[in-house]
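Colleague: Provided below: my_file-v6.txt, containing compact mmCIF, C-alpha atoms (C1' of nucleotides).
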```
# COMPACT_ATOMS: atom_id res chain seq x y z
CA MET A 1 -18.29 37.06 120.13
CA ASP A 2 -19.39 34.18 122.32
CA ALA A 3 -22.89 33.01 123.12
CA LYS A 4 -23.00 34.80 126.46
CA GLU A 5 -22.08 38.14 124.99
CA ILE A 6 -24.58 37.77 122.15
CA LEU A 7 -27.40 37.08 124.58
CA LYS A 8 -26.28 39.92 126.83
CA GLN A 9 -26.37 42.48 124.04
CA HIS A 10 -29.66 41.09 122.80
CA ILE A 11 -31.32 41.54 126.18
CA ALA A 12 -29.67 44.89 126.79
CA LYS A 13 -31.64 46.33 123.89
CA THR A 14 -34.87 46.08 125.85
CA ALA A 15 -33.98 45.68 129.53
CA LYS A 16 -31.35 47.13 131.82
CA LEU A 17 -29.63 44.45 133.86
CA THR A 18 -26.54 44.78 136.05
CA ASP A 19 -23.65 42.45 135.23
CA GLU A 20 -24.50 40.39 138.30
CA GLN A 21 -28.12 40.15 137.31
CA PHE A 22 -27.21 39.08 133.81
CA ASP A 23 -24.76 36.47 135.10
CA TYR A 24 -27.53 35.10 137.25
CA VAL A 25 -29.96 35.04 134.33
CA PHE A 26 -27.38 33.43 132.08
CA SER A 27 -26.75 30.66 134.60
CA HIS A 28 -30.22 29.33 133.71
CA PHE A 29 -29.34 28.85 130.06
CA LYS A 30 -27.82 25.64 128.81
CA PRO A 31 -25.57 25.84 125.72
CA GLN A 32 -26.17 23.22 123.09
CA SER A 33 -24.74 22.36 119.68
CA TYR A 34 -26.68 20.75 116.86
CA LYS A 35 -25.64 19.31 113.52
CA LYS A 36 -27.39 20.12 110.27
CA GLY A 37 -30.59 18.08 110.07
CA GLN A 38 -30.79 17.31 113.79
CA VAL A 39 -34.22 17.43 115.37
CA VAL A 40 -34.83 19.86 118.23
CA ILE A 41 -38.55 19.35 118.82
CA SER A 42 -40.73 16.75 117.14
CA GLU A 43 -44.49 16.61 117.02
CA GLY A 44 -45.98 14.64 119.88
CA SER A 45 -42.96 14.93 122.16
CA ARG A 46 -42.67 16.85 125.40
CA VAL A 47 -41.51 20.47 125.18
CA ASP A 48 -39.45 21.70 128.09
CA TYR A 49 -37.29 24.39 126.55
CA GLU A 50 -37.26 27.41 124.37
CA TYR A 51 -34.20 28.10 122.27
CA PHE A 52 -32.16 31.23 121.66
CA VAL A 53 -30.21 30.89 118.41
CA VAL A 54 -26.56 31.91 118.68
CA SER A 55 -25.45 30.72 115.26
CA GLY A 56 -26.90 28.74 112.37
CA CYS A 57 -30.50 28.49 111.30
CA LEU A 58 -33.44 26.47 112.57
CA LYS A 59 -36.86 25.97 111.06
CA ALA A 60 -40.13 25.59 112.92
CA PHE A 61 -42.66 23.73 110.81
CA PHE A 62 -45.91 21.87 110.74
CA VAL A 63 -46.57 18.76 108.70
CA ASN A 64 -50.06 18.05 107.45
CA ASP A 65 -51.17 14.50 106.76
CA GLU A 66 -47.53 13.37 106.71
CA ILE A 67 -47.33 15.16 103.38
CA LYS A 68 -47.37 18.90 103.21
CA MET A 69 -44.94 20.98 105.23
CA TYR A 70 -45.57 24.55 106.29
CA ILE A 71 -42.76 26.60 107.76
CA LEU A 72 -43.79 28.90 110.57
CA GLN A 73 -40.42 30.47 111.19
CA PHE A 74 -36.83 30.46 110.06
CA ALA A 75 -34.91 31.10 113.29
CA MET A 76 -31.72 33.05 112.62
CA PRO A 77 -29.13 34.20 115.19
CA THR A 78 -30.65 36.17 118.11
CA TRP A 79 -34.07 34.73 117.31
CA TRP A 80 -36.03 32.59 119.73
CA SER A 81 -37.86 29.46 118.81
CA SER A 82 -39.98 26.78 120.41
CA ASP A 83 -43.45 25.31 120.31
CA TYR A 84 -44.75 28.03 122.60
CA GLY A 85 -48.24 26.62 122.70
CA ALA A 86 -46.95 23.32 124.05
CA LEU A 87 -44.36 24.99 126.25
CA TYR A 88 -46.74 27.36 128.00
CA ASN A 89 -49.62 24.95 128.32
CA GLN A 90 -47.50 21.91 129.15
CA THR A 91 -48.96 19.89 126.32
CA ARG A 92 -47.38 17.74 123.62
CA ALA A 93 -45.70 19.42 120.68
CA THR A 94 -47.87 20.10 117.65
CA ILE A 95 -45.03 21.41 115.52
CA ASN A 96 -41.46 20.37 114.72
CA ILE A 97 -38.19 22.22 114.93
CA ASP A 98 -34.95 21.09 113.31
CA CYS A 99 -31.68 22.48 112.04
CA ILE A 100 -31.20 23.71 108.49
CA THR A 101 -27.50 24.23 109.21
CA ASP A 102 -25.17 23.37 112.07
CA ALA A 103 -26.34 25.50 114.97
CA GLU A 104 -25.49 26.66 118.46
CA VAL A 105 -28.33 27.54 120.77
CA LEU A 106 -28.97 28.45 124.39
CA CYS A 107 -31.77 26.45 126.01
CA LEU A 108 -34.05 27.93 128.64
CA SER A 109 -36.60 25.77 130.39
CA ASN A 110 -40.16 26.93 130.91
CA ASP A 111 -39.77 26.72 134.68
CA ASP A 112 -36.54 28.69 134.65
CA ARG A 113 -38.05 31.39 132.46
CA GLU A 114 -40.96 31.81 134.84
CA LYS A 115 -38.54 31.75 137.77
CA ILE A 116 -36.23 34.48 136.51
CA CYS A 117 -39.23 36.47 135.28
CA SER A 118 -40.74 36.50 138.73
CA GLU A 119 -37.41 37.11 140.49
CA LEU A 120 -36.26 39.97 138.27
CA HIS A 121 -38.77 42.49 137.06
CA PRO A 122 -36.58 43.70 134.13
CA VAL A 123 -36.42 40.14 132.86
CA GLU A 124 -40.20 39.94 132.80
CA HIS A 125 -40.12 43.23 130.93
CA PHE A 126 -37.71 41.81 128.39
CA PHE A 127 -39.87 38.77 127.73
CA ARG A 128 -42.99 40.88 127.38
CA TRP A 129 -41.32 42.92 124.66
CA ARG A 130 -39.85 39.93 122.93
CA THR A 131 -43.26 38.28 122.78
CA ASN A 132 -44.77 41.51 121.57
CA ARG A 133 -42.36 41.71 118.67
CA GLY A 134 -43.20 38.13 117.76
CA TYR A 135 -46.89 38.95 117.88
CA LEU A 136 -46.44 41.94 115.58
CA ALA A 137 -44.34 39.93 113.13
CA SER A 138 -46.97 37.21 113.09
CA GLN A 139 -49.77 39.68 112.43
CA LYS A 140 -47.79 41.29 109.68
CA ARG A 141 -47.21 37.96 108.03
CA LEU A 142 -50.89 37.08 108.29
CA LEU A 143 -51.81 40.32 106.57
CA SER A 144 -49.23 39.71 103.89
CA PHE A 145 -50.76 36.31 103.35
CA MET A 146 -54.20 37.68 102.78
CA ASN A 147 -53.18 40.76 100.87
CA ASN A 148 -50.24 39.85 98.64
CA ASP A 149 -49.84 37.29 95.91
CA THR A 150 -47.07 34.72 95.99
CA LYS A 151 -44.58 36.79 94.02
CA ALA A 152 -44.94 39.78 96.33
CA ARG A 153 -44.53 37.58 99.40
CA TYR A 154 -41.46 35.98 97.87
CA GLU A 155 -39.83 39.36 97.30
CA GLU A 156 -40.85 40.51 100.76
CA LEU A 157 -39.19 37.46 102.27
CA LEU A 158 -35.96 37.95 100.37
CA ALA A 159 -35.87 41.64 101.23
CA LEU A 160 -36.20 40.69 104.90
CA TYR A 161 -33.61 37.89 104.85
CA PRO A 162 -31.26 38.22 101.86
CA GLN A 163 -29.07 35.45 103.34
CA LEU A 164 -31.91 32.98 103.02
CA TYR A 165 -31.65 32.69 99.26
CA ASN A 166 -28.26 31.00 99.41
CA LEU A 167 -28.69 29.38 102.79
CA VAL A 168 -31.80 27.25 102.44
CA PRO A 169 -33.09 25.01 99.63
CA LYS A 170 -35.84 26.49 97.51
CA HIS A 171 -38.49 24.00 98.52
CA LEU A 172 -38.20 25.29 102.09
CA ILE A 173 -38.78 28.81 100.90
CA ALA A 174 -41.85 27.51 99.07
CA ALA A 175 -43.01 25.87 102.31
CA TYR A 176 -42.64 29.20 104.09
CA LEU A 177 -44.59 31.03 101.40
CA GLY A 178 -47.28 28.36 101.42
CA VAL A 179 -47.01 27.42 97.74
CA SER A 180 -45.78 24.34 95.91
CA ARG A 181 -42.11 24.17 94.96
CA GLU A 182 -43.15 24.03 91.31
CA THR A 183 -44.99 27.33 91.54
CA LEU A 184 -42.04 28.99 93.25
CA SER A 185 -39.70 27.62 90.61
CA ARG A 186 -41.80 29.05 87.81
CA LEU A 187 -42.06 32.34 89.64
CA TYR A 188 -38.47 33.39 89.16
CA ASN A 189 -37.88 31.51 85.88
CA THR A 190 -40.78 32.36 83.58
CA HIS A 191 -40.66 36.13 83.77
CA LYS A 192 -37.50 38.03 84.73
CA MET B 1 -71.44 43.12 136.23
CA ASP B 2 -69.80 46.46 135.62
CA ALA B 3 -66.70 47.27 133.59
CA LYS B 4 -64.45 47.41 136.63
CA GLU B 5 -65.46 44.00 137.85
CA ILE B 6 -65.07 42.47 134.39
CA LEU B 7 -61.54 43.80 134.06
CA LYS B 8 -60.71 42.70 137.59
CA GLN B 9 -61.77 39.12 136.99
CA HIS B 10 -60.03 39.12 133.64
CA ILE B 11 -56.71 40.16 135.15
CA ALA B 12 -57.13 37.88 138.17
CA LYS B 13 -56.92 34.88 135.86
CA THR B 14 -53.24 35.53 135.23
CA ALA B 15 -51.97 37.87 137.95
CA LYS B 16 -52.57 38.23 141.66
CA LEU B 17 -53.29 41.80 142.63
CA THR B 18 -54.52 43.14 145.97
CA ASP B 19 -57.71 45.21 145.88
CA GLU B 20 -55.67 48.36 146.42
CA GLN B 21 -53.32 47.44 143.59
CA PHE B 22 -56.20 46.75 141.25
CA ASP B 23 -57.91 50.03 142.17
CA TYR B 24 -54.69 51.81 141.35
CA VAL B 25 -54.37 49.98 138.04
CA PHE B 26 -58.00 50.66 137.20
CA SER B 27 -57.55 54.38 137.82
CA HIS B 28 -55.46 54.49 134.63
CA PHE B 29 -58.30 53.19 132.47
CA LYS B 30 -60.78 55.57 130.88
CA PRO B 31 -64.29 54.22 130.20
CA GLN B 32 -65.73 55.03 126.81
CA SER B 33 -68.95 54.26 124.93
CA TYR B 34 -69.21 53.89 121.18
CA LYS B 35 -72.16 53.61 118.83
CA LYS B 36 -72.42 51.00 116.12
CA GLY B 37 -70.29 52.08 113.18
CA GLN B 38 -68.17 54.56 115.13
CA VAL B 39 -64.48 54.70 114.31
CA VAL B 40 -61.98 53.98 117.08
CA ILE B 41 -58.71 54.09 115.13
CA SER B 42 -58.32 55.08 111.49
CA GLU B 43 -55.36 54.49 109.24
CA GLY B 44 -52.88 57.35 109.31
CA SER B 45 -54.01 58.76 112.64
CA ARG B 46 -52.11 58.80 115.92
CA VAL B 47 -52.57 55.83 118.23
CA ASP B 48 -52.40 56.59 121.94
CA TYR B 49 -54.57 53.89 123.47
CA GLU B 50 -55.28 50.25 123.57
CA TYR B 51 -58.84 49.11 124.24
CA PHE B 52 -60.31 46.50 126.53
CA VAL B 53 -63.76 45.49 125.31
CA VAL B 54 -66.40 45.37 128.04
CA SER B 55 -69.42 44.84 125.81
CA GLY B 56 -70.17 44.81 122.09
CA CYS B 57 -67.89 43.89 119.24
CA LEU B 58 -65.14 45.76 117.42
CA LYS B 59 -63.31 44.85 114.28
CA ALA B 60 -59.68 45.57 113.48
CA PHE B 61 -59.11 45.65 109.74
CA PHE B 62 -56.82 46.66 106.94
CA VAL B 63 -57.96 48.15 103.65
CA ASN B 64 -55.93 47.52 100.53
CA ASP B 65 -56.00 50.01 97.65
CA GLU B 66 -59.18 51.53 99.11
CA ILE B 67 -60.91 48.39 97.91
CA LYS B 68 -60.35 45.11 99.66
CA MET B 69 -60.82 44.78 103.40
CA TYR B 70 -59.13 42.18 105.55
CA ILE B 71 -60.23 41.66 109.12
CA LEU B 72 -57.44 40.95 111.56
CA GLN B 73 -59.58 40.51 114.62
CA PHE B 74 -63.12 40.54 115.88
CA ALA B 75 -62.76 41.93 119.40
CA MET B 76 -65.38 40.50 121.72
CA PRO B 77 -65.87 41.24 125.44
CA THR B 78 -62.68 40.78 127.51
CA TRP B 79 -60.57 41.03 124.34
CA TRP B 80 -58.01 43.73 123.79
CA SER B 81 -57.56 45.61 120.58
CA SER B 82 -55.40 48.34 119.11
CA ASP B 83 -52.89 48.96 116.37
CA TYR B 84 -50.11 47.57 118.51
CA GLY B 85 -47.45 48.24 115.91
CA ALA B 86 -48.30 51.93 115.87
CA LEU B 87 -48.91 52.04 119.61
CA TYR B 88 -45.58 50.51 120.63
CA ASN B 89 -43.47 52.24 118.00
CA GLN B 90 -45.23 55.59 118.22
CA THR B 91 -45.97 55.62 114.52
CA ARG B 92 -49.14 56.36 112.56
CA ALA B 93 -51.88 53.73 112.39
CA THR B 94 -51.67 51.28 109.53
CA ILE B 95 -54.96 49.57 110.37
CA ASN B 96 -58.45 50.67 111.31
CA ILE B 97 -60.71 49.76 114.20
CA ASP B 98 -64.42 50.45 114.38
CA CYS B 99 -67.55 49.16 116.07
CA ILE B 100 -69.71 46.42 114.62
CA THR B 101 -72.22 46.96 117.42
CA ASP B 102 -72.65 49.52 120.18
CA ALA B 103 -69.74 48.97 122.51
CA GLU B 104 -68.29 49.88 125.86
CA VAL B 105 -64.54 49.83 126.25
CA LEU B 106 -61.84 50.76 128.72
CA CYS B 107 -59.00 52.80 127.23
CA LEU B 108 -55.43 52.48 128.45
CA SER B 109 -52.75 54.77 127.09
CA ASN B 110 -49.37 53.44 126.02
CA ASP B 111 -47.62 55.59 128.64
CA ASP B 112 -49.92 54.42 131.40
CA ARG B 113 -49.46 50.79 130.46
CA GLU B 114 -45.70 51.12 130.60
CA LYS B 115 -46.04 53.05 133.86
CA ILE B 116 -48.16 50.50 135.69
CA CYS B 117 -46.07 47.68 134.21
CA SER B 118 -42.90 49.15 135.66
CA GLU B 119 -44.51 50.06 138.99
CA LEU B 120 -46.21 46.73 139.58
CA HIS B 121 -44.44 43.52 138.65
CA PRO B 122 -47.63 41.42 138.54
CA VAL B 123 -49.08 43.83 136.00
CA GLU B 124 -46.09 43.33 133.75
CA HIS B 125 -46.63 39.61 134.22
CA PHE B 126 -50.24 39.95 133.17
CA PHE B 127 -49.39 41.84 129.99
CA ARG B 128 -46.68 39.36 129.09
CA TRP B 129 -49.22 36.55 129.24
CA ARG B 130 -51.88 38.47 127.44
CA THR B 131 -49.47 39.20 124.59
CA ASN B 132 -48.38 35.62 124.57
CA ARG B 133 -51.92 34.40 124.10
CA GLY B 134 -52.34 36.83 121.24
CA TYR B 135 -49.16 35.56 119.66
CA LEU B 136 -50.29 31.97 119.87
CA ALA B 137 -53.71 32.79 118.42
CA SER B 138 -52.06 34.63 115.56
CA GLN B 139 -49.72 31.73 114.80
CA LYS B 140 -52.60 29.31 114.90
CA ARG B 141 -54.56 31.42 112.47
CA LEU B 142 -51.57 31.67 110.15
CA LEU B 143 -51.25 27.90 110.13
CA SER B 144 -54.93 27.49 109.48
CA PHE B 145 -54.56 29.86 106.56
CA MET B 146 -51.85 27.82 104.96
CA ASN B 147 -53.25 24.44 105.81
CA ASN B 148 -57.01 24.58 105.50
CA ASP B 149 -59.30 25.47 102.65
CA THR B 150 -61.93 28.15 102.97
CA LYS B 151 -64.69 25.83 104.10
CA ALA B 152 -62.62 24.38 106.93
CA ARG B 153 -61.61 27.86 108.08
CA TYR B 154 -65.22 28.96 108.00
CA GLU B 155 -66.29 26.08 110.21
CA GLU B 156 -63.34 26.67 112.51
CA LEU B 157 -64.35 30.28 112.91
CA LEU B 158 -67.96 29.47 113.72
CA ALA B 159 -66.92 26.78 116.18
CA LEU B 160 -64.76 29.36 117.95
CA TYR B 161 -67.36 32.15 117.96
CA PRO B 162 -70.88 30.78 117.46
CA GLN B 163 -72.29 34.24 118.28
CA LEU B 164 -70.58 35.70 115.24
CA TYR B 165 -72.94 34.10 112.76
CA ASN B 166 -75.90 36.17 113.89
CA LEU B 167 -73.95 39.18 115.08
CA VAL B 168 -71.98 40.29 112.05
CA PRO B 169 -72.88 40.56 108.35
CA LYS B 170 -71.57 37.78 106.16
CA HIS B 171 -69.29 39.96 104.08
CA LEU B 172 -67.33 40.71 107.25
CA ILE B 173 -66.91 37.03 107.89
CA ALA B 174 -65.65 36.71 104.31
CA ALA B 175 -63.18 39.53 105.01
CA TYR B 176 -61.94 37.63 108.05
CA LEU B 177 -61.55 34.42 106.10
CA GLY B 178 -59.79 36.25 103.28
CA VAL B 179 -62.21 35.27 100.53
CA SER B 180 -64.74 37.17 98.46
CA ARG B 181 -68.30 37.44 99.79
CA GLU B 182 -69.49 35.54 96.70
CA THR B 183 -67.29 32.56 97.51
CA LEU B 184 -68.47 32.50 101.11
CA SER B 185 -72.07 32.70 99.98
CA ARG B 186 -71.67 29.73 97.65
CA LEU B 187 -69.88 27.85 100.38
CA TYR B 188 -72.89 27.26 102.58
CA ASN B 189 -75.50 27.33 99.81
CA THR B 190 -74.27 24.97 97.12
CA HIS B 191 -73.52 21.93 99.24
CA LYS B 192 -74.63 21.81 102.82
C1' DT C 1 -96.91 51.39 104.93
C1' DT C 2 -93.61 52.60 101.25
C1' DC C 3 -89.10 53.34 99.76
C1' DC C 4 -84.17 53.20 99.56
C1' DG C 5 -79.69 51.50 100.36
C1' DA C 6 -77.10 47.74 102.05
C1' DA C 7 -76.61 42.81 102.23
C1' DA C 8 -76.85 38.58 100.09
C1' DG C 9 -77.57 35.05 96.20
C1' DT C 10 -76.28 33.48 91.58
C1' DG C 11 -74.58 32.72 86.82
C1' DA C 12 -70.59 33.18 83.38
C1' DC C 13 -66.06 33.49 82.83
C1' DC C 14 -61.07 33.82 83.99
C1' DT C 15 -56.73 33.08 86.41
C1' DA C 16 -53.41 31.54 89.79
C1' DC C 17 -51.95 27.78 91.68
C1' DA C 18 -52.01 22.56 92.79
C1' DT C 19 -51.10 18.25 91.14
C1' DC C 20 -49.07 14.68 88.36
C1' DA C 21 -45.52 13.25 85.52
C1' DC C 22 -41.16 13.20 83.85
C1' DG C 23 -36.37 14.80 83.00
C1' DT C 24 -31.88 16.79 84.55
C1' DA C 25 -28.30 18.59 87.54
C1' DA C 26 -25.83 18.50 91.97
C1' DC C 27 -24.58 16.35 96.12
C1' DG C 28 -23.09 13.25 99.42
C1' DC C 29 -21.22 8.44 100.33
C1' DC C 30 -19.22 3.52 99.52
C1' DG D 1 -14.57 6.97 90.37
C1' DG D 2 -19.68 5.34 90.01
C1' DC D 3 -24.33 5.65 92.19
C1' DG D 4 -28.29 6.76 94.72
C1' DT D 5 -30.62 10.51 96.82
C1' DT D 6 -32.18 15.08 96.93
C1' DA D 7 -32.94 19.46 94.64
C1' DC D 8 -34.73 21.73 90.83
C1' DG D 9 -36.98 22.69 86.06
C1' DT D 10 -40.95 22.23 83.06
C1' DG D 11 -45.09 20.63 80.48
C1' DA D 12 -50.13 19.17 80.70
C1' DT D 13 -54.25 19.35 83.04
C1' DG D 14 -57.67 20.17 86.84
C1' DT D 15 -59.91 23.24 90.15
C1' DA D 16 -60.82 26.65 93.87
C1' DG D 17 -61.76 30.92 94.14
C1' DG D 18 -61.74 35.84 92.04
C1' DT D 19 -64.19 39.16 89.24
C1' DC D 20 -68.06 41.15 86.91
C1' DA D 21 -72.82 41.73 86.23
C1' DC D 22 -77.29 41.26 87.58
C1' DT D 23 -81.14 39.99 90.75
C1' DT D 24 -83.37 39.35 95.17
C1' DT D 25 -83.98 40.04 100.02
C1' DC D 26 -83.86 42.61 104.16
C1' DG D 27 -83.79 46.31 107.53
C1' DG D 28 -84.33 50.98 108.85
C1' DA D 29 -86.18 55.77 108.11
C1' DA D 30 -89.85 58.92 106.58
```
Could you spell out this file's structure in structure tokens?
Modeller:
Amino acid sequence: MDAKEILKQHIAKTAKLTDEQFDYVFSHFKPQSYKKGQVVISEGSRVDYEYFVVSGCLKAFFVNDEIKMYILQFAMPTWWSSDYGALYNQTRATINIDCITDAEVLCLSNDDREKICSELHPVEHFFRWRTNRGYLASQKRLLSFMNNDTKARYEELLALYPQLYNLVPKHLIAAYLGVSRETLSRLYNTHK
Amino acid sequence: MDAKEILKQHIAKTAKLTDEQFDYVFSHFKPQSYKKGQVVISEGSRVDYEYFVVSGCLKAFFVNDEIKMYILQFAMPTWWSSDYGALYNQTRATINIDCITDAEVLCLSNDDREKICSELHPVEHFFRWRTNRGYLASQKRLLSFMNNDTKARYEELLALYPQLYNLVPKHLIAAYLGVSRETLSRLYNTHK
DNA sequence: TTCCGAAAGTGACCTACATCACGTAACGCC
DNA sequence: GGCGTTACGTGATGTAGGTCACTTTCGGAA
């Protein structure tokens, strides 16, 4: 299945578009290929696009004091990623995004999103729901952070994305969970 | 300024509505008064409404094992609050909302929101942006959780809502920060 | 005013996790 | 193939914050 079809089915889940409407929407997306390790957004740079992942896996992360890295999101296929704060407010990026694996994405500029949102009501509807799902996921993760210990969060993460265990190095999983790589290592080696 | 005017100005910041359009939108909101301590949503119950705070302060919280409480949000005037997971997915509430002070709110049902969103494009636009702001706030808080220690988060919170210090009991602030009330107490008493 | 329950302070102790330090295994790349 | 870089395991030690137990302060109702 090609990028266009993947996006079409993804949108169709929340908004009804005619084929012509979708073709028009799709014409605003720019396909892009990245190699493993390539940088998509780096802190301090301008942010003009958001990214729809077609294949591969990105990570959105924040680096504190040039030392500690915290992963905000692993972006898998059909996920969206960007520095939305910078994108919406037209400010410089405060987070980074790069590629954990080779990846294909579709880029949508901020201006084009606002344009197609205002031109096509169902598109605005789609983006409202997409954002809502992101909001709910974020709240859920926040709760999990406060409520669960590291081990529980680790199991929760693997239950949600079983692929992740083989796909990404362990220290990235630790950075997502917000613990040191040593602690994570001990977690599944000491007991079990 | 009355509830209607407060909502009108709030919406006007992100969407242009004519007076007639706003009157129509407003007709779907139901004003409601609550006393301090009254319950708005309780875990396990049905969730039919979201709430726009006109005056007073609500808290949205989760209780673990009937013991520990975690506060997801203090809802101040012009903030929205609900169990959005339950509201959007038509499931039972997983969180609670009650009133820290006497409060006036405007209630909007899920059906009515979807109705006015589909009838009026600018309304859909407004709700997309509102949700987006919530998403960004939630991400920011998540980052702060991973990155900052308790003291830094405490100061961050007070910088954001100076009113909170006098308005809500300290153990609720502790529940927002995700630490025990004892730890919070020591925080501003030992050094300072 | 008195009284009671809730909120807040405080000491003693314990635990989960960070940090530092070092060793080993796995992988690109010349 | 050899070699450096990155990932991962593991011990020793320090510390922030949790938990428990008790005391003190405060705010509202009779």
Colleague: Tell me which of A:His125, A:Lys16, A:Lys30, A:His171 sits closest to Val105 in chain A, counting only C-alpha atoms.
Modeller: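 Smallest distance to Val105 in chain A is found for A:Lys30.
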Colleague: Here's a test: counting all atoms listed in the file, identify every protein, DNA and RNA residue with an atom at most 12 Å from (-52.9, 29.3, 91.8) in the file's coordinate frame, and state them as a PDB file with C-alpha atoms (C1' of nucleotides), in the frame of the given file.
Modeller:
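The resulting file, selection-v8.pdb, is shown below:
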```pdb
ATOM      1  CA  ASP A 149     -49.840  37.290  95.910  1.00  0.00           C
ATOM      2  CA  THR A 150     -47.070  34.720  95.990  1.00  0.00           C
ATOM      3  CA  LYS A 151     -44.580  36.790  94.020  1.00  0.00           C
ATOM      4  CA  GLY A 178     -47.280  28.360 101.420  1.00  0.00           C
ATOM      5  CA  VAL A 179     -47.010  27.420  97.740  1.00  0.00           C
ATOM      6  CA  SER A 180     -45.780  24.340  95.910  1.00  0.00           C
ATOM      7  CA  GLU A 182     -43.150  24.030  91.310  1.00  0.00           C
ATOM      8  CA  THR A 183     -44.990  27.330  91.540  1.00  0.00           C
ATOM      9  CA  LEU A 184     -42.040  28.990  93.250  1.00  0.00           C
ATOM     10  CA  ARG A 186     -41.800  29.050  87.810  1.00  0.00           C
ATOM     11  CA  LEU A 187     -42.060  32.340  89.640  1.00  0.00           C
TER      12      LEU A 187
ATOM     13  C1'  DT C  15     -56.730  33.080  86.410  1.00  0.00           C
ATOM     14  C1'  DA C  16     -53.410  31.540  89.790  1.00  0.00           C
ATOM     15  C1'  DC C  17     -51.950  27.780  91.680  1.00  0.00           C
ATOM     16  C1'  DA C  18     -52.010  22.560  92.790  1.00  0.00           C
ATOM     17  C1'  DT C  19     -51.100  18.250  91.140  1.00  0.00           C
TER      18       DT C  19
ATOM     19  C1'  DG D  14     -57.670  20.170  86.840  1.00  0.00           C
ATOM     20  C1'  DT D  15     -59.910  23.240  90.150  1.00  0.00           C
ATOM     21  C1'  DA D  16     -60.820  26.650  93.870  1.00  0.00           C
ATOM     22  C1'  DG D  17     -61.760  30.920  94.140  1.00  0.00           C
ATOM     23  C1'  DG D  18     -61.740  35.840  92.040  1.00  0.00           C
TER      24       DG D  18
END
```
Colleague: Mind running chain C against chain B at 9 Å and telling me each contacting residue's nearest atom pair with the distance in Å (one decimal), counting all atoms listed in the file, chain and number ascending, as a tab-separated table?
Modeller:
```
residue	atom	partner	partner_atom	distance
C:DA7	C1'	B:Pro169	CA	7.5
C:DA8	C1'	B:Ser185	CA	7.6
C:DG9	C1'	B:Ser185	CA	7.1
C:DT10	C1'	B:Arg186	CA	8.5
```
Colleague: Any chance you can output those residues with C-alpha atoms (C1' of nucleotides) as a PDB file, keeping the file's coordinate frame?
Modeller:
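The resulting file, part.pdb, is shown below:
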```pdb
ATOM      1  C1'  DA C   7     -76.610  42.810 102.230  1.00  0.00           C
ATOM      2  C1'  DA C   8     -76.850  38.580 100.090  1.00  0.00           C
ATOM      3  C1'  DG C   9     -77.570  35.050  96.200  1.00  0.00           C
ATOM      4  C1'  DT C  10     -76.280  33.480  91.580  1.00  0.00           C
TER       5       DT C  10
END
```
Colleague: Using all atoms listed in the file, what table do you get, as a Markdown table, when you list each residue of chain A with an atom no more than 10 Å from chain B, its nearest pair of atoms, and their distance in Å rounded to one decimal, rows by chain then rising number?
Modeller:
```
| residue | atom | partner | partner_atom | distance |
| --- | --- | --- | --- | --- |
| A:Phe61 | CA | B:Leu143 | CA | 9.6 |
| A:Phe62 | CA | B:Leu143 | CA | 8.1 |
| A:Val63 | CA | B:Asn147 | CA | 9.2 |
| A:Asn64 | CA | B:Asn147 | CA | 7.3 |
| A:Lys68 | CA | B:Asn147 | CA | 8.5 |
| A:Met69 | CA | B:Asn147 | CA | 9.0 |
| A:Tyr70 | CA | B:Met146 | CA | 7.2 |
| A:Ile71 | CA | B:Leu143 | CA | 8.9 |
| A:Leu72 | CA | B:Leu143 | CA | 7.5 |
| A:Asp83 | CA | B:Leu136 | CA | 9.6 |
| A:Tyr84 | CA | B:Leu136 | CA | 7.3 |
| A:Gly85 | CA | B:Leu136 | CA | 6.4 |
| A:Tyr88 | CA | B:Asn132 | CA | 9.1 |
| A:Glu114 | CA | B:His125 | CA | 9.7 |
| A:Cys117 | CA | B:His125 | CA | 8.1 |
| A:Ser118 | CA | B:His121 | CA | 7.9 |
| A:Glu119 | CA | B:His121 | CA | 9.7 |
| A:Leu120 | CA | B:His121 | CA | 8.9 |
| A:His121 | CA | B:His121 | CA | 6.0 |
| A:Pro122 | CA | B:Ser118 | CA | 8.5 |
| A:Glu124 | CA | B:His125 | CA | 6.6 |
| A:His125 | CA | B:Glu124 | CA | 6.6 |
| A:Phe126 | CA | B:Arg128 | CA | 9.3 |
| A:Phe127 | CA | B:Arg128 | CA | 7.0 |
| A:Arg128 | CA | B:Arg128 | CA | 4.3 |
| A:Trp129 | CA | B:Arg128 | CA | 7.8 |
| A:Arg130 | CA | B:Arg128 | CA | 9.2 |
| A:Thr131 | CA | B:Asn132 | CA | 6.0 |
| A:Asn132 | CA | B:Thr131 | CA | 6.0 |
| A:Arg133 | CA | B:Gly85 | CA | 8.7 |
| A:Gly134 | CA | B:Tyr135 | CA | 6.8 |
| A:Tyr135 | CA | B:Tyr135 | CA | 4.5 |
| A:Leu136 | CA | B:Gly85 | CA | 6.4 |
| A:Ala137 | CA | B:Tyr135 | CA | 9.2 |
| A:Ser138 | CA | B:Ser138 | CA | 6.2 |
| A:Gln139 | CA | B:Ser138 | CA | 6.4 |
| A:Lys140 | CA | B:Gly85 | CA | 9.3 |
| A:Arg141 | CA | B:Leu142 | CA | 7.9 |
| A:Leu142 | CA | B:Leu142 | CA | 5.8 |
| A:Leu143 | CA | B:Leu72 | CA | 7.5 |
| A:Phe145 | CA | B:Phe145 | CA | 8.1 |
| A:Met146 | CA | B:Gly178 | CA | 5.8 |
| A:Asn147 | CA | B:Asn64 | CA | 7.3 |
| A:Asn148 | CA | B:Asn64 | CA | 9.7 |
| A:Ala175 | CA | B:Met146 | CA | 9.4 |
| A:Tyr176 | CA | B:Met146 | CA | 9.4 |
| A:Leu177 | CA | B:Met146 | CA | 8.7 |
| A:Gly178 | CA | B:Met146 | CA | 5.8 |
| A:Val179 | CA | B:Met146 | CA | 8.7 |
```
